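S.K.: So that we are looking at the same thing, I have put the structure below in structure tokens.
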Amino acid sequence: MEVKCQVCGKSVMLETWSAEYEHVKQSPQHPFICQTCQDRIRSEAKSNQHL
């Protein structure tokens with residue numbers, strides 16, 4: 001299944017055995033965020049907590 005990241009717009013192919021595939025399949029309205037953007041958001045949130 002091909003999905004598009006809601007943050008960067010990158011198209012990602014999800015394998016049928018992956019947890020992300022199950023999430024998207026069960027709730028297609030839920031926004032998909034790729035791993036790169038998830039890591040970047042997590043990093044920014046951690047750095048903002050220390051301020």
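Labeling convention for the structure tokens: chains A, B, ... as they appear, residues from 1 per chain, ligands from 1 in order of appearance.
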Got a sec: who's within 9 Å of region 12-27 of chain A, counting only C-alpha atoms, leaving out chain neighbours fewer than 5 positions off, as a PyMOL selection string?
M.R.: chain A and resi 1-5+32+34
S.K.: Could those selected residues go to a file with C-alpha atoms, as a compact mmCIF listing (two decimals), in the first residue's frame?
M.R.:
```txt
# COMPACT_ATOMS: atom_id res chain seq x y z
CA MET A 1 0.00 0.00 0.00
CA GLU A 2 1.37 3.41 -0.92
CA VAL A 3 0.73 6.27 1.50
CA LYS A 4 1.88 9.88 1.64
CA CYS A 5 3.45 11.52 4.69
CA PHE A 32 0.42 8.98 8.22
CA CYS A 34 6.98 8.83 7.93
```
S.K.: Just list as a PyMOL selection string whatever in chain A DSSP marks as helix (DSSP H, G or I).
M.R.: chain A and resi 19-26+35-49
S.K.: Would you mind writing down, as JSON, numbers by chain, each residue of chain A that DSSP on the backbone assigns to strand (DSSP E)?
M.R.: {"A": [2, 3, 4, 11, 12, 13]}
